[in-house]
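Let me begin by presenting the structure, written as structure tokens, before commenting on it.
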Amino acid sequence: MAPRSTRGRKPRPVLLSKVEGHQDAVSAALLIPKEDGVITAGEDRTIRVWLKRDSGQYWPSIYHTMSSPCSAMAYHHDSRRIFVGQDNGAIMEFHISEDFNKMNFVKTYPAHQNRVSAITFCLASEWLISTGHDKCISWMCTRSGSMLGRHYFTSWASCLQYDHETQHAFVGDYSGQITLLKLEQNTCSVITTLKGHEGSITSLWWDPVQRLLFSGASDHSIIMWDIGGRKGRTLLLQGHHDKVQAICYIQLTRQLVSCSADGGIAVWNMDISREEAPQWLESDSCQKCEQPFFWNIKQMWDTKTIGLRQHHCRKCGQAVCGKCSTKRSSYPIMGFEFQVRVCDSCFESIKDEDRTSLATFHEGKHNISHMSMDISRGLMVTCGSDRIVKIWDMTPVVGCSLATGFSSR
């Protein structure tokens with residue numbers, strides 16, 4: 001089929017298919033590598049494997065009902081093993097047949113006491129690593145089914161990434177903290193904690209090549225943590241208007257794809273030298289006009305003036321009053337894709353070219369609670385509380401130009 005002309009229109013993701021049938025919110029969806037197929041797990045207690053028929057429609061080749069709502073999923077394609085986390089805290093392992101028409105139960109792992117939030121399977125060590133709303137990370141042996149270790153946090157563990165080579169786990173939680181752990185056979189050690197978000201961590205992505213960790217949160221922002229760098233650099237990305245639900249970094253093209261609860265899909269250019277947002281400075285008076293802030297009783301009394309509200313310039317970080325920060329500007333090189341408060345002197349220093357966007361924004365047109373990508377084919381699948389699963393061709397907006405294998409009708 002000849003490609004559609006996009007002359008005069010900005011490139012955007014192409015919706016290839018909609019998959020409908022779940023009776024409740026879809027918790028997770030994964031594209032089957034090298035196949036025209038999708039695996040979904042839902043709050044309606046079903047796991048479904050959908051294969052594309054000659055008609056272009058997706059039909060479930062496997063439909064399995066669980067004892068509890070499905071909350072998380074991991075799939076290992078080479079061994080065709082699927083792990084499904086449930087609301088009751090258990091994880092169930094299945095083996096899918098070569099033709100994707102049959103699924104055999106393998107075993108149940110009593111991993112958690114509450115809802116499972118994320119799962120990773122490591123074939124080399126035969127470890128099943130998971131996080132849950134019982135505030136812990138657990139790792140279990142898939143050979144014996146036995147628990148190897150657990151580590152507890154102060155709040156719900158919401159998301160997980162794992163470095164298979166170094167056995168480091170990254171766990172995001174509802175307090176807005178990310179914990180870096182080194183997992184051993186029967187124990188673990190906390191390496192560090194990362195604090196920067198003002199809301200619960202909703203998604204993590206670890207790139208082992210560049211040693212970068214990306215985190216999305218309910219504060220609508222994304223932070224890139226340079227774990228491999230000596231300086232501990234952090235970059236802030238603000239462009240979403242709702243909580244960031246899922247992120248995926250494409251190492252080959254240095255692009256970050258993110259999705260938010262309101263259906264926003266963003267593609268961030270990370271192949272440029274970005275600037276770190278400054279730490280906010282604290283002061284008892286405006287650092288521009290020296291007028292006292294409202295808690296500075298002594299200066300208010302001495303100068304017989306009324307105290308002012310404190311604000312911060314997003315570009316220089318200085319504490320300023322409203323009169324000295326009347327302007328708003330975007331500043332994409334620092335991650336601010338929409339207009340934020342800047343002091344008047346910083347506003348004057350920002351040139352028009354400095355406001356050129358370093359990300360593209362698109363509409364998913366449904367509530368997105370989960371996203372995953374098949375980077376090799378430039379494909380993305382999104383799902384959410386509207387019970388619809390959407391399959392997207394992302395090649396118009398990400399650098400992957402490989403044949404998708406999924407054809408639009």
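Chain identifiers are assigned as A, B, and so on, following the order in which chains appear in the structure tokens; residues are numbered from 1 within each chain, and ligands are numbered from 1 in order of appearance.
The protein and nucleic acid residues lying at most 8 Å from region 246-257 of chain A are Thr202, Ser203, Leu204, Trp205, Asp207, Val209, Gln210, Phe214, Ser215, Gly216, Ile265, Ala266, Val267, Trp268, Asn269, Met270, Asp271, Ser369, His370, Met371, Ser372, Met373, Ile375, Val398, Gly399 and Cys400 of chain A, with only C-alpha atoms considered and sequence neighbours fewer than 4 positions away removed.
Counting only C-alpha atoms, Phe105 (chain A) has the following residues at most 10 Å away, ignoring those fewer than 6 positions along the same chain: Arg81, Ile82, Met92, Glu93, Phe94, His95 and Ile96 of chain A.
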Restricting the output to N, CA and C atoms, write the selected residues as a compact mmCIF listing (two decimals), in the first residue's frame.
```
# COMPACT_ATOMS: atom_id res chain seq x y z
N ARG A 81 6.87 -17.84 27.89
CA ARG A 81 6.34 -17.90 29.26
C ARG A 81 5.69 -16.56 29.60
N ILE A 82 4.52 -16.63 30.21
CA ILE A 82 3.79 -15.43 30.59
C ILE A 82 3.51 -15.46 32.08
N MET A 92 0.69 -15.81 38.50
CA MET A 92 0.52 -17.12 37.86
C MET A 92 1.36 -17.19 36.59
N GLU A 93 2.03 -18.32 36.42
CA GLU A 93 2.85 -18.53 35.22
C GLU A 93 2.14 -19.49 34.28
N PHE A 94 2.18 -19.15 32.99
CA PHE A 94 1.61 -20.00 31.95
C PHE A 94 2.64 -20.17 30.83
N HIS A 95 2.46 -21.22 30.06
CA HIS A 95 3.28 -21.43 28.86
C HIS A 95 2.36 -21.41 27.65
N ILE A 96 2.70 -20.57 26.66
CA ILE A 96 1.86 -20.44 25.47
C ILE A 96 2.40 -21.33 24.36
```
request  = Tell me which protein, DNA and RNA residues are within 6 Å of region 17-27 of chain A, counting only C-alpha atoms, leaving out same-chain ones fewer than 4 positions away, and put them as a ChimeraX atom specification.
outcome  = /A:41-44,71,383-385,387-391
Can those selected residues be exported to a file as a JSON list (two decimals), in the first residue's frame so that it contains C-alpha atoms?
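Result file part_14.json:
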```json
[["chain", "number", "residue", "atom", "x", "y", "z"],
["A", 41, "ALA", "CA", -4.78, -8.74, 30.87],
["A", 42, "GLY", "CA", -7.72, -7.00, 32.49],
["A", 43, "GLU", "CA", -9.58, -6.13, 35.66],
["A", 44, "ASP", "CA", -12.35, -8.41, 34.31],
["A", 71, "SER", "CA", -3.05, -6.13, 37.51],
["A", 383, "CYS", "CA", -4.82, 0.53, 26.90],
["A", 384, "GLY", "CA", -6.86, 1.98, 29.72],
["A", 385, "SER", "CA", -10.06, 2.24, 31.69],
["A", 387, "ARG", "CA", -11.56, -1.06, 27.89],
["A", 388, "ILE", "CA", -10.10, -0.36, 24.44],
["A", 389, "VAL", "CA", -6.66, -1.50, 23.27],
["A", 390, "LYS", "CA", -5.10, 0.55, 20.46],
["A", 391, "ILE", "CA", -2.20, -0.46, 18.24]]
```
query = Do you know which residues are at most 8 Å from Leu379 (chain A) counting only C-alpha atoms, after dropping those on the same chain fewer than 5 positions away, and could you put them as a list in words?
reply = Met373, Asp374, Ile391, Trp392, Asp393, Met394, Thr395 and Thr404 of chain A
Can you pull out the residues contacting Asp219 (chain A)? Cut-off 10 Å, using only C-alpha atoms, and skip same-chain residues under 4 positions away; I want them as a PDB file with all heavy atoms, in the first residue's frame.
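So the final result, stored in around_30.pdb, reads:
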```
ATOM      1  N   GLY A 176       6.642   9.111  46.046  1.00  0.00           N
ATOM      2  CA  GLY A 176       7.400   9.912  45.085  1.00  0.00           C
ATOM      3  C   GLY A 176       8.885   9.622  45.097  1.00  0.00           C
ATOM      4  O   GLY A 176       9.681  10.341  44.499  1.00  0.00           O
ATOM      5  N   HIS A 197      10.484  14.011  42.499  1.00  0.00           N
ATOM      6  CA  HIS A 197       9.078  14.182  42.115  1.00  0.00           C
ATOM      7  C   HIS A 197       8.237  14.680  43.289  1.00  0.00           C
ATOM      8  O   HIS A 197       8.544  14.410  44.456  1.00  0.00           O
ATOM      9  CB  HIS A 197       8.505  12.859  41.612  1.00  0.00           C
ATOM     10  CG  HIS A 197       8.953  12.503  40.231  1.00  0.00           C
ATOM     11  ND1 HIS A 197       8.487  13.154  39.105  1.00  0.00           N
ATOM     12  CD2 HIS A 197       9.822  11.555  39.779  1.00  0.00           C
ATOM     13  CE1 HIS A 197       9.049  12.623  38.029  1.00  0.00           C
ATOM     14  NE2 HIS A 197       9.862  11.656  38.411  1.00  0.00           N
ATOM     15  N   GLU A 198       7.156  15.359  42.965  1.00  0.00           N
ATOM     16  CA  GLU A 198       6.223  15.853  43.983  1.00  0.00           C
ATOM     17  C   GLU A 198       4.942  15.025  44.015  1.00  0.00           C
ATOM     18  O   GLU A 198       3.969  15.407  44.649  1.00  0.00           O
ATOM     19  CB  GLU A 198       5.889  17.333  43.720  1.00  0.00           C
ATOM     20  CG  GLU A 198       7.080  18.253  43.967  1.00  0.00           C
ATOM     21  CD  GLU A 198       6.786  19.695  43.605  1.00  0.00           C
ATOM     22  OE1 GLU A 198       5.593  20.013  43.391  1.00  0.00           O
ATOM     23  OE2 GLU A 198       7.730  20.492  43.543  1.00  0.00           O
ATOM     24  N   GLY A 199       4.935  13.912  43.326  1.00  0.00           N
ATOM     25  CA  GLY A 199       3.779  13.016  43.308  1.00  0.00           C
ATOM     26  C   GLY A 199       4.249  11.589  43.203  1.00  0.00           C
ATOM     27  O   GLY A 199       5.445  11.318  43.036  1.00  0.00           O
ATOM     28  N   SER A 200       3.315  10.644  43.297  1.00  0.00           N
ATOM     29  CA  SER A 200       3.676   9.224  43.267  1.00  0.00           C
ATOM     30  C   SER A 200       4.314   8.849  41.930  1.00  0.00           C
ATOM     31  O   SER A 200       3.944   9.371  40.875  1.00  0.00           O
ATOM     32  CB  SER A 200       2.437   8.363  43.529  1.00  0.00           C
ATOM     33  OG  SER A 200       1.431   8.666  42.592  1.00  0.00           O
ATOM     34  N   ILE A 201       5.282   7.932  41.985  1.00  0.00           N
ATOM     35  CA  ILE A 201       5.947   7.450  40.772  1.00  0.00           C
ATOM     36  C   ILE A 201       5.000   6.467  40.078  1.00  0.00           C
ATOM     37  O   ILE A 201       4.533   5.507  40.678  1.00  0.00           O
ATOM     38  CB  ILE A 201       7.288   6.746  41.085  1.00  0.00           C
ATOM     39  CG1 ILE A 201       8.153   7.596  42.034  1.00  0.00           C
ATOM     40  CG2 ILE A 201       8.053   6.420  39.795  1.00  0.00           C
ATOM     41  CD1 ILE A 201       8.608   8.919  41.497  1.00  0.00           C
ATOM     42  N   THR A 202       4.727   6.724  38.808  1.00  0.00           N
ATOM     43  CA  THR A 202       3.772   5.888  38.069  1.00  0.00           C
ATOM     44  C   THR A 202       4.453   4.984  37.039  1.00  0.00           C
ATOM     45  O   THR A 202       3.897   3.968  36.643  1.00  0.00           O
ATOM     46  CB  THR A 202       2.755   6.780  37.344  1.00  0.00           C
ATOM     47  OG1 THR A 202       3.479   7.827  36.670  1.00  0.00           O
ATOM     48  CG2 THR A 202       1.786   7.421  38.319  1.00  0.00           C
ATOM     49  N   GLN A 238       8.668  18.640  31.294  1.00  0.00           N
ATOM     50  CA  GLN A 238       7.285  18.983  31.606  1.00  0.00           C
ATOM     51  C   GLN A 238       6.542  19.366  30.334  1.00  0.00           C
ATOM     52  O   GLN A 238       6.840  20.388  29.730  1.00  0.00           O
ATOM     53  CB  GLN A 238       7.226  20.133  32.622  1.00  0.00           C
ATOM     54  CG  GLN A 238       7.667  19.711  34.014  1.00  0.00           C
ATOM     55  CD  GLN A 238       7.347  20.748  35.079  1.00  0.00           C
ATOM     56  OE1 GLN A 238       7.240  21.932  34.797  1.00  0.00           O
ATOM     57  NE2 GLN A 238       7.200  20.296  36.308  1.00  0.00           N
ATOM     58  N   HIS A 240       3.235  17.252  29.792  1.00  0.00           N
ATOM     59  CA  HIS A 240       1.933  16.595  29.951  1.00  0.00           C
ATOM     60  C   HIS A 240       1.036  17.413  30.884  1.00  0.00           C
ATOM     61  O   HIS A 240       1.519  18.135  31.756  1.00  0.00           O
ATOM     62  CB  HIS A 240       2.116  15.184  30.526  1.00  0.00           C
ATOM     63  CG  HIS A 240       2.636  14.200  29.523  1.00  0.00           C
ATOM     64  ND1 HIS A 240       1.876  13.734  28.480  1.00  0.00           N
ATOM     65  CD2 HIS A 240       3.852  13.595  29.391  1.00  0.00           C
ATOM     66  CE1 HIS A 240       2.590  12.873  27.760  1.00  0.00           C
ATOM     67  NE2 HIS A 240       3.799  12.778  28.291  1.00  0.00           N
ATOM     68  N   HIS A 241      -0.275  17.252  30.695  1.00  0.00           N
ATOM     69  CA  HIS A 241      -1.252  17.965  31.528  1.00  0.00           C
ATOM     70  C   HIS A 241      -1.988  17.026  32.478  1.00  0.00           C
ATOM     71  O   HIS A 241      -2.982  17.410  33.094  1.00  0.00           O
ATOM     72  CB  HIS A 241      -2.244  18.719  30.635  1.00  0.00           C
ATOM     73  CG  HIS A 241      -1.594  19.794  29.813  1.00  0.00           C
ATOM     74  ND1 HIS A 241      -1.286  21.028  30.322  1.00  0.00           N
ATOM     75  CD2 HIS A 241      -1.149  19.783  28.529  1.00  0.00           C
ATOM     76  CE1 HIS A 241      -0.694  21.765  29.376  1.00  0.00           C
ATOM     77  NE2 HIS A 241      -0.597  21.026  28.286  1.00  0.00           N
ATOM     78  N   ASP A 242      -1.522  15.801  32.574  1.00  0.00           N
ATOM     79  CA  ASP A 242      -2.107  14.829  33.502  1.00  0.00           C
ATOM     80  C   ASP A 242      -0.980  13.888  33.919  1.00  0.00           C
ATOM     81  O   ASP A 242       0.152  14.007  33.439  1.00  0.00           O
ATOM     82  CB  ASP A 242      -3.245  14.059  32.820  1.00  0.00           C
ATOM     83  CG  ASP A 242      -4.277  13.510  33.814  1.00  0.00           C
ATOM     84  OD1 ASP A 242      -3.918  13.325  35.000  1.00  0.00           O
ATOM     85  OD2 ASP A 242      -5.421  13.248  33.399  1.00  0.00           O
ATOM     86  N   LYS A 243      -1.288  12.938  34.811  1.00  0.00           N
ATOM     87  CA  LYS A 243      -0.213  12.083  35.312  1.00  0.00           C
ATOM     88  C   LYS A 243       0.384  11.231  34.190  1.00  0.00           C
ATOM     89  O   LYS A 243      -0.321  10.758  33.304  1.00  0.00           O
ATOM     90  CB  LYS A 243      -0.686  11.224  36.480  1.00  0.00           C
ATOM     91  CG  LYS A 243      -1.765  10.217  36.206  1.00  0.00           C
ATOM     92  CD  LYS A 243      -2.084   9.484  37.502  1.00  0.00           C
ATOM     93  CE  LYS A 243      -3.261   8.537  37.319  1.00  0.00           C
ATOM     94  NZ  LYS A 243      -3.584   7.824  38.555  1.00  0.00           N
ATOM     95  N   VAL A 244       1.690  11.094  34.240  1.00  0.00           N
ATOM     96  CA  VAL A 244       2.428  10.322  33.232  1.00  0.00           C
ATOM     97  C   VAL A 244       2.275   8.843  33.585  1.00  0.00           C
ATOM     98  O   VAL A 244       2.701   8.404  34.645  1.00  0.00           O
ATOM     99  CB  VAL A 244       3.914  10.733  33.206  1.00  0.00           C
ATOM    100  CG1 VAL A 244       4.672   9.929  32.161  1.00  0.00           C
ATOM    101  CG2 VAL A 244       4.046  12.228  32.938  1.00  0.00           C
TER     102      VAL A 244
END
```
Contacts of Pro208 (chain A) at 10 Å (only C-alpha atoms; same-chain gap of 2+ positions) as a PyMOL selection string = chain A and resi 162-166+205-206+210-213+227-228+251
inquiry  = Env of Gln113 (chain A): 7 Å cut, atoms = only C-alpha atoms, seq-sep filter 6 positions within chain, self excluded. Answer as a ChimeraX atom specification.
reply    = /A:88-89,134
query = Which one is closest to His112 (chain A): A:Met73, A:His220, A:Ser79, A:Ala157? Count only C-alpha atoms.
reply = A:Ala157
